[in-house]
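Notes follow the structure.
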Amino acid sequence: MPKYNIDPWEMALNQLGEAARRLDLQKDILRVLSFPRREYTVNFPVRMDDGSIQVFTGYRVQHNAARGPSKGGIRFHPQVTLNEVKALAMWMTWKCAVVNIPYGGAKGGVICDPKKLQVSELERLARRYAFELIPIIGPEQDIPAPDVNTNPQVMAWIMDTYSMHAGYSVPGIVTGKPVSIGGSLGRNEATARGCVFVVLNALKHLDLPIEDLRVVVQGYGNAGSIAARLLAREGATVIAVSDSRGGIYNPKGLDPGAVLEYKAESGSVVGFAGADSVTNAQLLELDCDLLVPAALEKQITADNAPRIKARLIAEAANGPTTPEADCILAEKGVTVIPDILANAGGVTVSYFEWVQSTQSYFWTEREVNLKLRDVMDRAWAAVAAKAEDAQVTLRTAALMLAVERVADAIAIRGVYP
Ligand code: GLU
């Protein structure tokens, strides 16, 4: 098997092992952290528009709840596997700890291709999956949110299904829901905005002016498309972007807003006028200063890492870089802002949303963005200081910080009974 085919769960365990070694973590605590608390698999029927019944498989994994209720998104994708969801759940534990919000980590996924489903079918799928999760989710125990191919509408269906079964509205059951039913202003942009805040910190650290920055973004969904627009607004030049169908490149710069409009009409960024087409593989290796992987796991591998030209990588996606690629990039002197820091803005504003929802007291968008900036700046400073102190990469530093916080919570709570 080629090395870059590493399983995501193996990847997550490998990263945990590296942080544990550096921290000299107690073996007992490492053992606890090496298992998800719960792995829930559901196979459920959905009536399709043609009258037939299909059976779908979904997962919800809760990795850890020592610091608070478990938290994490739900993705709809044909390649979802239990091991992928386990890895994503563990990364959520670390992410919440890095930004120091009172949550543990979880993740959900349904094996399906939402691009091939009618909206009516998608709604029945989301509702039935939500129903199947009722025994293990709740505003005090496990709070879902959007992830790959899910959005505020899907969250509204989940919130409604859960509320119908409770007999009253439970807005705190999900985050990333529409503002009209208790969602937070600024949540939709939060992942990208948080990513831009840490990029600005990294640029200061590296003494790179944003006006000189040529940016490549892989993935043009919620995180990628908004990050491209925010970076362009800060003065950077976005030279290439891609989605699952392919990429577009113009060394003189693209207008990210116009690309988004084009994608909304045509279904893809491919074919955008005034740009050359590139494959996703070529896109990652383009000559640029900042690379923002904002799609799926395992995009930067031992195979392509030696040819990556970016000086800085900001992981808006979860798990885009394999551990082997990490070593290659570190040797090349590429700074990687790890996923658990770079994309933590999403779950941070999810936390703000949950606080607002459960108190029925809402903040302005300005308040949300200022609080987000504060959290991201503090997390960046803590991770950068740890990296300096321990002489490790930002990823290992972020993991060390997170694992230490979670380990402390486990140790002080003790093992029941
Ligand atoms: N799916 C997002 C992530 O991977 C957001 C999770 C959340 O808001 O709970 O961080």
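Starting from 1 in every chain, residues are counted up; chains themselves are A, B, ... following the order of the structure tokens, and ligands are numbered from 1 as listed.
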*Identify, with DSSP run on backbone atoms, the residues in region 184-324 of chain A assigned to strand (DSSP E or B), and express the list as a VMD selection string.*
chain A and resid 214 to 218 237 to 243 246 to 249 276 to 278 290 to 293 300 312 to 314 321
Would you list the contacts of His205 (chain A) as an mmCIF file with N, CA, C and O atoms, in the first residue's frame, taking every protein, DNA or RNA residue within 12 Å and counting only C-alpha atoms, but skipping same-chain residues closer than 2 positions in sequence?
```cif
data_model
loop_
_atom_site.group_PDB
_atom_site.id
_atom_site.type_symbol
_atom_site.label_atom_id
_atom_site.label_comp_id
_atom_site.auth_asym_id
_atom_site.auth_seq_id
_atom_site.Cartn_x
_atom_site.Cartn_y
_atom_site.Cartn_z
ATOM 1 N N VAL A 198 -5.635 33.920 12.341
ATOM 2 C CA VAL A 198 -4.348 33.278 12.679
ATOM 3 C C VAL A 198 -3.328 33.480 11.561
ATOM 4 O O VAL A 198 -2.129 33.597 11.831
ATOM 5 N N VAL A 199 -3.789 33.561 10.321
ATOM 6 C CA VAL A 199 -2.855 33.853 9.210
ATOM 7 C C VAL A 199 -2.218 35.227 9.445
ATOM 8 O O VAL A 199 -1.005 35.394 9.277
ATOM 9 N N LEU A 200 -3.014 36.207 9.847
ATOM 10 C CA LEU A 200 -2.468 37.553 10.087
ATOM 11 C C LEU A 200 -1.405 37.511 11.188
ATOM 12 O O LEU A 200 -0.353 38.152 11.081
ATOM 13 N N ASN A 201 -1.654 36.712 12.220
ATOM 14 C CA ASN A 201 -0.649 36.539 13.282
ATOM 15 C C ASN A 201 0.619 35.891 12.732
ATOM 16 O O ASN A 201 1.733 36.313 13.047
ATOM 17 N N ALA A 202 0.436 34.870 11.909
ATOM 18 C CA ALA A 202 1.592 34.146 11.352
ATOM 19 C C ALA A 202 2.404 35.063 10.434
ATOM 20 O O ALA A 202 3.637 35.031 10.438
ATOM 21 N N LEU A 203 1.706 35.901 9.668
ATOM 22 C CA LEU A 203 2.411 36.809 8.745
ATOM 23 C C LEU A 203 3.274 37.797 9.537
ATOM 24 O O LEU A 203 4.405 38.103 9.147
ATOM 25 N N ASP A 207 7.164 38.054 9.299
ATOM 26 C CA ASP A 207 7.508 39.329 8.681
ATOM 27 C C ASP A 207 7.188 39.336 7.179
ATOM 28 O O ASP A 207 8.013 39.740 6.353
ATOM 29 N N LEU A 208 6.001 38.854 6.854
ATOM 30 C CA LEU A 208 5.545 38.859 5.455
ATOM 31 C C LEU A 208 4.374 39.831 5.336
ATOM 32 O O LEU A 208 3.375 39.665 6.031
ATOM 33 N N PRO A 209 4.466 40.849 4.464
ATOM 34 C CA PRO A 209 3.316 41.753 4.312
ATOM 35 C C PRO A 209 2.195 41.079 3.507
ATOM 36 O O PRO A 209 2.470 40.377 2.529
ATOM 37 N N LEU A 312 3.856 29.262 3.605
ATOM 38 C CA LEU A 312 2.948 29.139 4.748
ATOM 39 C C LEU A 312 1.734 28.314 4.317
ATOM 40 O O LEU A 312 1.210 28.506 3.213
ATOM 41 N N THR A 335 6.033 26.819 7.144
ATOM 42 C CA THR A 335 5.252 26.952 8.384
ATOM 43 C C THR A 335 3.849 26.428 8.142
ATOM 44 O O THR A 335 3.162 26.877 7.215
ATOM 45 N N TRP A 380 -3.381 31.562 19.179
ATOM 46 C CA TRP A 380 -2.161 31.668 18.374
ATOM 47 C C TRP A 380 -0.950 31.941 19.288
ATOM 48 O O TRP A 380 0.085 31.278 19.185
ATOM 49 N N ALA A 381 -1.112 32.919 20.200
ATOM 50 C CA ALA A 381 0.012 33.299 21.074
ATOM 51 C C ALA A 381 0.453 32.105 21.926
ATOM 52 O O ALA A 381 1.657 31.853 22.075
ATOM 53 N N ALA A 384 2.184 29.502 19.556
ATOM 54 C CA ALA A 384 3.488 29.991 19.075
ATOM 55 C C ALA A 384 4.513 29.963 20.210
ATOM 56 O O ALA A 384 5.673 29.578 20.003
ATOM 57 N N ALA A 385 4.077 30.337 21.429
ATOM 58 C CA ALA A 385 5.003 30.331 22.571
ATOM 59 C C ALA A 385 5.440 28.903 22.901
ATOM 60 O O ALA A 385 6.609 28.641 23.177
ATOM 61 N N GLU A 388 7.979 27.663 20.381
ATOM 62 C CA GLU A 388 9.275 28.286 20.650
ATOM 63 C C GLU A 388 9.966 27.599 21.839
ATOM 64 O O GLU A 388 11.119 27.186 21.756
#
```
Dump as JSON lines the rows for residues of chain A within 7 Å of ligand 1: closest atom pair and distance in Å with one decimal, only C-alpha atoms and all ligand atoms counted, ordered by chain and rising residue number.
```
{"residue": "A:Lys71", "atom": "CA", "partner": "ligand 1", "partner_atom_place_in_ligand_line": "9 (O)", "distance": 4.9}
{"residue": "A:Gly72", "atom": "CA", "partner": "ligand 1", "partner_atom_place_in_ligand_line": "9 (O)", "distance": 3.6}
{"residue": "A:Gly73", "atom": "CA", "partner": "ligand 1", "partner_atom_place_in_ligand_line": "1 (N)", "distance": 3.9}
{"residue": "A:Ile74", "atom": "CA", "partner": "ligand 1", "partner_atom_place_in_ligand_line": "1 (N)", "distance": 6.7}
{"residue": "A:Met92", "atom": "CA", "partner": "ligand 1", "partner_atom_place_in_ligand_line": "10 (O)", "distance": 6.5}
{"residue": "A:Ile143", "atom": "CA", "partner": "ligand 1", "partner_atom_place_in_ligand_line": "9 (O)", "distance": 6.9}
{"residue": "A:Pro144", "atom": "CA", "partner": "ligand 1", "partner_atom_place_in_ligand_line": "9 (O)", "distance": 5.8}
{"residue": "A:Ala145", "atom": "CA", "partner": "ligand 1", "partner_atom_place_in_ligand_line": "9 (O)", "distance": 4.7}
{"residue": "A:Pro146", "atom": "CA", "partner": "ligand 1", "partner_atom_place_in_ligand_line": "1 (N)", "distance": 5.3}
{"residue": "A:Asp147", "atom": "CA", "partner": "ligand 1", "partner_atom_place_in_ligand_line": "1 (N)", "distance": 3.9}
{"residue": "A:Thr175", "atom": "CA", "partner": "ligand 1", "partner_atom_place_in_ligand_line": "8 (O)", "distance": 6.4}
{"residue": "A:Gly176", "atom": "CA", "partner": "ligand 1", "partner_atom_place_in_ligand_line": "8 (O)", "distance": 6.8}
{"residue": "A:Asn318", "atom": "CA", "partner": "ligand 1", "partner_atom_place_in_ligand_line": "4 (O)", "distance": 6.4}
{"residue": "A:Asn343", "atom": "CA", "partner": "ligand 1", "partner_atom_place_in_ligand_line": "10 (O)", "distance": 6.2}
{"residue": "A:Ala344", "atom": "CA", "partner": "ligand 1", "partner_atom_place_in_ligand_line": "10 (O)", "distance": 5.8}
{"residue": "A:Gly346", "atom": "CA", "partner": "ligand 1", "partner_atom_place_in_ligand_line": "5 (C)", "distance": 4.9}
{"residue": "A:Val347", "atom": "CA", "partner": "ligand 1", "partner_atom_place_in_ligand_line": "8 (O)", "distance": 3.5}
{"residue": "A:Thr348", "atom": "CA", "partner": "ligand 1", "partner_atom_place_in_ligand_line": "8 (O)", "distance": 7.0}
{"residue": "A:Ser350", "atom": "CA", "partner": "ligand 1", "partner_atom_place_in_ligand_line": "8 (O)", "distance": 4.7}
```
*Measuring atom to atom with only C-alpha atoms, identify which of A:Val355, A:Val46, A:Ala87, A:Val196 is nearest to Val174 (chain A).*
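Closest to Val174 (chain A), using only C-alpha atoms: A:Val355.
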_Shell of 8 Å around region 124-126 of chain A, only C-alpha atoms, local chain residues under 4 positions omitted, as a list in words_ =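 Listed by chain and then number, they are Val46, Arg47, Ser120, Ala130, Val154, Trp157 and Ile158 of chain A.
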Write out, as a JSON list (two decimals), in the first residue's frame, the residues just selected, with N, CA and C atoms.
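To be explicit, this is the file written out as part_5.json:
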```json
[["chain", "number", "residue", "atom", "x", "y", "z"],
["A", 46, "VAL", "N", -34.61, 5.22, 4.24],
["A", 46, "VAL", "CA", -35.12, 6.52, 3.76],
["A", 46, "VAL", "C", -35.97, 6.25, 2.52],
["A", 47, "ARG", "N", -37.17, 6.80, 2.51],
["A", 47, "ARG", "CA", -38.01, 6.65, 1.32],
["A", 47, "ARG", "C", -37.54, 7.65, 0.25],
["A", 120, "SER", "N", -35.83, 16.91, -1.20],
["A", 120, "SER", "CA", -36.80, 16.18, -0.38],
["A", 120, "SER", "C", -36.18, 14.92, 0.22],
["A", 130, "ALA", "N", -31.03, 12.17, 12.33],
["A", 130, "ALA", "CA", -31.15, 12.91, 13.59],
["A", 130, "ALA", "C", -31.96, 12.11, 14.60],
["A", 154, "VAL", "N", -29.71, 21.99, 6.83],
["A", 154, "VAL", "CA", -29.64, 20.64, 7.42],
["A", 154, "VAL", "C", -29.72, 20.75, 8.95],
["A", 157, "TRP", "N", -33.30, 21.20, 10.03],
["A", 157, "TRP", "CA", -34.07, 19.93, 10.02],
["A", 157, "TRP", "C", -33.73, 19.09, 11.25],
["A", 158, "ILE", "N", -32.45, 19.09, 11.62],
["A", 158, "ILE", "CA", -32.04, 18.31, 12.80],
["A", 158, "ILE", "C", -32.66, 18.91, 14.06]]
```
For Lys86 (chain A): contacts at 12 Å, only C-alpha atoms, fewer than 2 positions along chain excluded, given as a short mmCIF file (atom, residue, chain, number, x, y, z; two decimals) with N, CA, C and O atoms, in the first residue's frame:
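out.cif was written with the following content:
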```
data_model
loop_
_atom_site.label_atom_id
_atom_site.label_comp_id
_atom_site.auth_asym_id
_atom_site.auth_seq_id
_atom_site.Cartn_x
_atom_site.Cartn_y
_atom_site.Cartn_z
N ASP A 7 -4.40 5.59 6.98
CA ASP A 7 -5.75 5.71 7.48
C ASP A 7 -5.83 6.95 8.40
O ASP A 7 -4.91 7.22 9.17
N PRO A 8 -6.93 7.72 8.33
CA PRO A 8 -6.99 8.95 9.15
C PRO A 8 -6.90 8.68 10.65
O PRO A 8 -6.31 9.47 11.39
N TRP A 9 -7.46 7.56 11.09
CA TRP A 9 -7.40 7.24 12.52
C TRP A 9 -5.95 6.96 12.94
O TRP A 9 -5.50 7.39 14.00
N GLU A 10 -5.23 6.28 12.05
CA GLU A 10 -3.82 6.01 12.30
C GLU A 10 -3.05 7.33 12.38
O GLU A 10 -2.16 7.52 13.21
N MET A 11 -3.44 8.25 11.47
CA MET A 11 -2.83 9.57 11.45
C MET A 11 -3.05 10.30 12.77
O MET A 11 -2.13 10.88 13.35
N ALA A 12 -4.30 10.25 13.25
CA ALA A 12 -4.65 10.94 14.50
C ALA A 12 -3.90 10.32 15.68
O ALA A 12 -3.39 11.04 16.55
N LEU A 13 -3.80 8.98 15.71
CA LEU A 13 -3.08 8.31 16.80
C LEU A 13 -1.60 8.64 16.76
O LEU A 13 -0.95 8.84 17.80
N LEU A 33 -7.03 8.33 26.15
CA LEU A 33 -7.20 9.23 24.99
C LEU A 33 -7.11 8.50 23.65
O LEU A 33 -7.56 9.02 22.63
N SER A 34 -6.55 7.30 23.66
CA SER A 34 -6.37 6.56 22.40
C SER A 34 -7.64 5.85 21.95
O SER A 34 -7.65 5.21 20.89
N PHE A 35 -8.71 5.93 22.75
CA PHE A 35 -9.99 5.32 22.36
C PHE A 35 -11.08 6.39 22.35
O PHE A 35 -11.12 7.22 23.27
N PRO A 36 -11.99 6.35 21.38
CA PRO A 36 -13.15 7.24 21.49
C PRO A 36 -14.06 6.70 22.59
O PRO A 36 -14.16 5.49 22.78
N ARG A 37 -14.71 7.61 23.30
CA ARG A 37 -15.62 7.18 24.35
C ARG A 37 -16.77 6.35 23.76
O ARG A 37 -17.17 5.34 24.31
N ARG A 38 -17.32 6.82 22.66
CA ARG A 38 -18.45 6.12 22.04
C ARG A 38 -18.31 6.10 20.53
O ARG A 38 -17.96 7.12 19.94
N GLU A 39 -18.66 4.96 19.91
CA GLU A 39 -18.75 4.88 18.44
C GLU A 39 -20.14 4.35 18.14
O GLU A 39 -20.44 3.21 18.46
N TYR A 40 -20.94 5.19 17.56
CA TYR A 40 -22.34 4.84 17.36
C TYR A 40 -22.56 4.66 15.85
O TYR A 40 -22.28 5.57 15.08
N THR A 41 -23.05 3.48 15.43
CA THR A 41 -23.33 3.24 14.01
C THR A 41 -24.83 3.04 13.84
O THR A 41 -25.43 2.28 14.60
N TYR A 59 -22.71 7.50 11.20
CA TYR A 59 -21.95 7.33 12.43
C TYR A 59 -22.03 8.59 13.27
O TYR A 59 -22.24 9.68 12.75
N ARG A 60 -21.86 8.43 14.58
CA ARG A 60 -21.58 9.56 15.45
C ARG A 60 -20.56 9.03 16.45
O ARG A 60 -20.81 8.03 17.14
N VAL A 61 -19.41 9.66 16.48
CA VAL A 61 -18.35 9.24 17.41
C VAL A 61 -18.12 10.37 18.41
O VAL A 61 -17.99 11.53 18.02
N GLN A 62 -18.12 10.02 19.69
CA GLN A 62 -17.80 10.99 20.74
C GLN A 62 -16.45 10.59 21.30
O GLN A 62 -16.32 9.53 21.92
N HIS A 63 -15.46 11.39 21.03
CA HIS A 63 -14.12 11.00 21.46
C HIS A 63 -13.90 11.19 22.96
O HIS A 63 -13.43 10.30 23.65
N ASN A 64 -14.25 12.38 23.45
CA ASN A 64 -13.96 12.66 24.85
C ASN A 64 -14.90 13.73 25.37
O ASN A 64 -15.29 14.62 24.62
N GLY A 72 -19.11 18.73 17.59
CA GLY A 72 -18.49 18.51 16.28
C GLY A 72 -19.53 18.37 15.18
O GLY A 72 -20.70 18.10 15.44
N VAL A 80 -17.27 8.60 3.45
CA VAL A 80 -17.22 8.58 4.92
C VAL A 80 -16.94 7.16 5.41
O VAL A 80 -17.50 6.19 4.89
N THR A 81 -16.02 7.02 6.38
CA THR A 81 -15.79 5.72 7.03
C THR A 81 -15.79 5.94 8.55
O THR A 81 -15.60 7.08 9.01
N LEU A 82 -15.94 4.84 9.28
CA LEU A 82 -15.93 4.96 10.74
C LEU A 82 -14.58 5.50 11.22
O LEU A 82 -14.52 6.37 12.10
N ASN A 83 -13.49 5.02 10.62
CA ASN A 83 -12.18 5.49 11.05
C ASN A 83 -11.96 6.97 10.76
O ASN A 83 -11.29 7.66 11.51
N GLU A 84 -12.53 7.44 9.66
CA GLU A 84 -12.43 8.87 9.37
C GLU A 84 -13.18 9.67 10.45
O GLU A 84 -12.67 10.67 10.98
N LEU A 88 -11.75 12.46 13.04
CA LEU A 88 -12.31 13.82 13.08
C LEU A 88 -12.83 14.15 14.48
O LEU A 88 -12.72 15.30 14.94
N ALA A 89 -13.36 13.14 15.19
CA ALA A 89 -13.85 13.36 16.56
C ALA A 89 -12.68 13.66 17.50
O ALA A 89 -12.75 14.56 18.34
N MET A 90 -11.58 12.92 17.34
CA MET A 90 -10.41 13.18 18.18
C MET A 90 -9.86 14.59 17.91
O MET A 90 -9.53 15.33 18.84
N TRP A 91 -9.81 14.97 16.64
CA TRP A 91 -9.31 16.30 16.30
C TRP A 91 -10.20 17.38 16.91
O TRP A 91 -9.73 18.45 17.30
N MET A 92 -11.52 17.11 16.99
CA MET A 92 -12.42 18.09 17.64
C MET A 92 -12.08 18.25 19.13
O MET A 92 -12.15 19.35 19.67
N THR A 93 -11.71 17.14 19.79
CA THR A 93 -11.32 17.25 21.21
C THR A 93 -10.14 18.21 21.35
O THR A 93 -10.14 19.11 22.20
N GLY A 105 -14.79 16.44 22.16
CA GLY A 105 -14.88 16.33 20.70
C GLY A 105 -15.78 15.21 20.23
O GLY A 105 -15.87 14.15 20.85
N ALA A 106 -16.46 15.46 19.11
CA ALA A 106 -17.31 14.43 18.47
C ALA A 106 -17.35 14.70 16.97
O ALA A 106 -16.90 15.76 16.52
N LYS A 107 -17.85 13.78 16.22
CA LYS A 107 -18.07 14.00 14.78
C LYS A 107 -19.11 13.01 14.30
O LYS A 107 -19.22 11.91 14.84
N GLY A 108 -19.83 13.41 13.25
CA GLY A 108 -20.80 12.51 12.66
C GLY A 108 -20.62 12.46 11.16
O GLY A 108 -20.06 13.39 10.56
N GLY A 109 -21.09 11.38 10.55
CA GLY A 109 -21.01 11.30 9.10
C GLY A 109 -22.03 10.31 8.57
O GLY A 109 -22.37 9.34 9.24
#
```
*Please provide as a ChimeraX atom specification all residues within 12 Å of Arg405 (chain A), with the sequence filter that same-chain residues fewer than 2 positions apart are discarded (counting only C-alpha atoms).*
/A:23,25,29,66-67,93-104,398-403,407-412
Selection export as an mmCIF file, in the first residue's frame, atoms kept: N, CA and C atoms:
```
data_model
loop_
_atom_site.group_PDB
_atom_site.id
_atom_site.type_symbol
_atom_site.label_atom_id
_atom_site.label_comp_id
_atom_site.auth_asym_id
_atom_site.auth_seq_id
_atom_site.Cartn_x
_atom_site.Cartn_y
_atom_site.Cartn_z
ATOM 1 N N LEU A 23 5.388 15.359 25.819
ATOM 2 C CA LEU A 23 4.864 15.793 27.128
ATOM 3 C C LEU A 23 5.244 14.833 28.240
ATOM 4 N N LEU A 25 3.665 12.138 28.765
ATOM 5 C CA LEU A 25 2.315 11.915 29.300
ATOM 6 C C LEU A 25 2.221 10.547 29.975
ATOM 7 N N ILE A 29 -3.195 7.793 30.991
ATOM 8 C CA ILE A 29 -3.977 8.869 30.348
ATOM 9 C C ILE A 29 -3.909 8.688 28.829
ATOM 10 N N ALA A 66 -14.366 15.035 28.793
ATOM 11 C CA ALA A 66 -13.824 15.417 30.106
ATOM 12 C C ALA A 66 -13.981 16.910 30.373
ATOM 13 N N ARG A 67 -13.908 17.745 29.316
ATOM 14 C CA ARG A 67 -13.955 19.203 29.510
ATOM 15 C C ARG A 67 -15.341 19.795 29.293
ATOM 16 N N THR A 93 -11.712 17.140 19.793
ATOM 17 C CA THR A 93 -11.320 17.246 21.211
ATOM 18 C C THR A 93 -10.145 18.207 21.352
ATOM 19 N N TRP A 94 -9.146 18.020 20.478
ATOM 20 C CA TRP A 94 -7.945 18.875 20.573
ATOM 21 C C TRP A 94 -8.283 20.320 20.199
ATOM 22 N N LYS A 95 -9.105 20.470 19.158
ATOM 23 C CA LYS A 95 -9.446 21.811 18.670
ATOM 24 C C LYS A 95 -10.128 22.629 19.767
ATOM 25 N N CYS A 96 -11.121 22.025 20.436
ATOM 26 C CA CYS A 96 -11.842 22.746 21.495
ATOM 27 C C CYS A 96 -10.895 23.091 22.642
ATOM 28 N N ALA A 97 -9.928 22.193 22.905
ATOM 29 C CA ALA A 97 -8.977 22.455 23.994
ATOM 30 C C ALA A 97 -7.981 23.545 23.599
ATOM 31 N N VAL A 98 -7.559 23.585 22.332
ATOM 32 C CA VAL A 98 -6.597 24.609 21.890
ATOM 33 C C VAL A 98 -7.174 26.009 22.071
ATOM 34 N N VAL A 99 -8.447 26.175 21.716
ATOM 35 C CA VAL A 99 -9.056 27.505 21.861
ATOM 36 C C VAL A 99 -9.700 27.672 23.247
ATOM 37 N N ASN A 100 -9.552 26.625 24.064
ATOM 38 C CA ASN A 100 -9.992 26.657 25.453
ATOM 39 C C ASN A 100 -11.480 26.938 25.619
ATOM 40 N N ILE A 101 -12.309 26.243 24.857
ATOM 41 C CA ILE A 101 -13.758 26.325 25.069
ATOM 42 C C ILE A 101 -14.203 25.030 25.766
ATOM 43 N N PRO A 102 -15.275 25.096 26.560
ATOM 44 C CA PRO A 102 -15.591 23.983 27.470
ATOM 45 C C PRO A 102 -16.322 22.816 26.806
ATOM 46 N N TYR A 103 -15.669 22.222 25.839
ATOM 47 C CA TYR A 103 -16.254 21.105 25.091
ATOM 48 C C TYR A 103 -15.242 19.982 24.933
ATOM 49 N N GLY A 104 -15.781 18.776 24.750
ATOM 50 C CA GLY A 104 -15.003 17.655 24.246
ATOM 51 C C GLY A 104 -15.251 17.541 22.755
ATOM 52 N N ALA A 398 0.494 22.780 19.269
ATOM 53 C CA ALA A 398 -0.955 22.871 19.482
ATOM 54 C C ALA A 398 -1.468 21.580 20.121
ATOM 55 N N LEU A 399 -0.954 20.452 19.637
ATOM 56 C CA LEU A 399 -1.377 19.164 20.203
ATOM 57 C C LEU A 399 -0.929 19.043 21.656
ATOM 58 N N MET A 400 0.295 19.494 21.945
ATOM 59 C CA MET A 400 0.798 19.407 23.323
ATOM 60 C C MET A 400 -0.083 20.215 24.265
ATOM 61 N N LEU A 401 -0.402 21.426 23.817
ATOM 62 C CA LEU A 401 -1.255 22.300 24.617
ATOM 63 C C LEU A 401 -2.618 21.651 24.875
ATOM 64 N N ALA A 402 -3.198 21.097 23.798
ATOM 65 C CA ALA A 402 -4.532 20.503 23.887
ATOM 66 C C ALA A 402 -4.521 19.238 24.740
ATOM 67 N N VAL A 403 -3.568 18.366 24.466
ATOM 68 C CA VAL A 403 -3.524 17.082 25.177
ATOM 69 C C VAL A 403 -3.313 17.332 26.675
ATOM 70 N N ALA A 407 -5.827 16.077 29.405
ATOM 71 C CA ALA A 407 -5.263 15.141 30.391
ATOM 72 C C ALA A 407 -5.489 15.663 31.812
ATOM 73 N N ASP A 408 -5.325 16.964 31.999
ATOM 74 C CA ASP A 408 -5.569 17.577 33.317
ATOM 75 C C ASP A 408 -7.008 17.355 33.751
ATOM 76 N N ALA A 409 -7.941 17.545 32.814
ATOM 77 C CA ALA A 409 -9.364 17.374 33.141
ATOM 78 C C ALA A 409 -9.650 15.924 33.521
ATOM 79 N N ILE A 410 -9.058 14.988 32.788
ATOM 80 C CA ILE A 410 -9.274 13.568 33.095
ATOM 81 C C ILE A 410 -8.699 13.244 34.475
ATOM 82 N N ALA A 411 -7.487 13.745 34.718
ATOM 83 C CA ALA A 411 -6.818 13.417 35.983
ATOM 84 C C ALA A 411 -7.582 13.996 37.177
ATOM 85 N N ILE A 412 -8.045 15.237 37.037
ATOM 86 C CA ILE A 412 -8.700 15.870 38.195
ATOM 87 C C ILE A 412 -10.101 15.295 38.430
#
```
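Of the residues under consideration (A:Glu123, A:Glu367, A:Glu315, A:Asp243), A:Asp243 shows the shortest atom-to-atom contact distance to Lys263 (chain A) when counting only C-alpha atoms.
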*Do a neighbour search on region 218-235 of chain A at 6 Å with only C-alpha atoms, toss out local chain neighbours closer than 3 positions, and write the hits as a ChimeraX atom specification.*
/A:191-192,211,241-243,256,293-295
May I have the selected residues written with N, CA, C and O atoms, as a PDB file, in the first residue's frame?
```pdb
ATOM      1  N   THR A 191     -15.415  30.015  10.424  1.00  0.00           N
ATOM      2  CA  THR A 191     -14.254  29.149  10.182  1.00  0.00           C
ATOM      3  C   THR A 191     -13.210  29.926   9.385  1.00  0.00           C
ATOM      4  O   THR A 191     -12.024  29.958   9.730  1.00  0.00           O
ATOM      5  N   ALA A 192     -13.672  30.583   8.316  1.00  0.00           N
ATOM      6  CA  ALA A 192     -12.760  31.343   7.463  1.00  0.00           C
ATOM      7  C   ALA A 192     -12.195  32.557   8.205  1.00  0.00           C
ATOM      8  O   ALA A 192     -11.001  32.857   8.115  1.00  0.00           O
ATOM      9  N   GLU A 211       0.098  42.285   1.526  1.00  0.00           N
ATOM     10  CA  GLU A 211      -0.025  42.795   0.150  1.00  0.00           C
ATOM     11  C   GLU A 211       0.822  41.968  -0.830  1.00  0.00           C
ATOM     12  O   GLU A 211       0.547  41.938  -2.024  1.00  0.00           O
ATOM     13  N   VAL A 241      -7.918  28.682  -7.197  1.00  0.00           N
ATOM     14  CA  VAL A 241      -8.864  28.006  -6.295  1.00  0.00           C
ATOM     15  C   VAL A 241      -9.367  26.748  -7.001  1.00  0.00           C
ATOM     16  O   VAL A 241      -9.262  26.615  -8.220  1.00  0.00           O
ATOM     17  N   SER A 242      -9.933  25.826  -6.206  1.00  0.00           N
ATOM     18  CA  SER A 242     -10.460  24.604  -6.819  1.00  0.00           C
ATOM     19  C   SER A 242     -11.670  24.107  -6.039  1.00  0.00           C
ATOM     20  O   SER A 242     -11.943  24.576  -4.932  1.00  0.00           O
ATOM     21  N   ASP A 243     -12.402  23.163  -6.653  1.00  0.00           N
ATOM     22  CA  ASP A 243     -13.409  22.402  -5.917  1.00  0.00           C
ATOM     23  C   ASP A 243     -13.263  20.947  -6.347  1.00  0.00           C
ATOM     24  O   ASP A 243     -12.264  20.602  -6.996  1.00  0.00           O
ATOM     25  N   PRO A 256     -12.481  36.568  -5.961  1.00  0.00           N
ATOM     26  CA  PRO A 256     -13.124  35.432  -5.271  1.00  0.00           C
ATOM     27  C   PRO A 256     -14.657  35.533  -5.224  1.00  0.00           C
ATOM     28  O   PRO A 256     -15.345  34.509  -5.277  1.00  0.00           O
ATOM     29  N   PRO A 293      -5.446  24.609   2.304  1.00  0.00           N
ATOM     30  CA  PRO A 293      -6.249  23.425   1.990  1.00  0.00           C
ATOM     31  C   PRO A 293      -7.570  23.539   2.743  1.00  0.00           C
ATOM     32  O   PRO A 293      -7.568  23.667   3.966  1.00  0.00           O
ATOM     33  N   ALA A 294      -8.684  23.546   2.013  1.00  0.00           N
ATOM     34  CA  ALA A 294      -9.995  23.734   2.650  1.00  0.00           C
ATOM     35  C   ALA A 294     -10.971  22.691   2.125  1.00  0.00           C
ATOM     36  O   ALA A 294     -12.152  22.966   1.921  1.00  0.00           O
ATOM     37  N   ALA A 295     -10.442  21.472   1.885  1.00  0.00           N
ATOM     38  CA  ALA A 295     -11.311  20.415   1.358  1.00  0.00           C
ATOM     39  C   ALA A 295     -11.305  19.223   2.316  1.00  0.00           C
ATOM     40  O   ALA A 295     -11.860  19.305   3.403  1.00  0.00           O
TER      41      ALA A 295
END
```
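Relative to CA of Leu286 (chain A), CA of Glu324 (chain A) is found at 20.4 Å.
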*asked:* Please list as a ChimeraX atom specification every residue within 7 Å of Arg311 (chain A), counting only C-alpha atoms and excluding residues in the same chain fewer than 6 positions away.
replied: /A:289-290,334-335
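Closest approach to Ser277 (chain A) from the set A:Ile181, A:Ile248, A:Met376, A:Ala317 is made by A:Ile248, with distances taken over only C-alpha atoms.
Taking CA of Asn151 (chain A) as the reference point, CA of Gln54 (chain A) is found at 22.6 Å.
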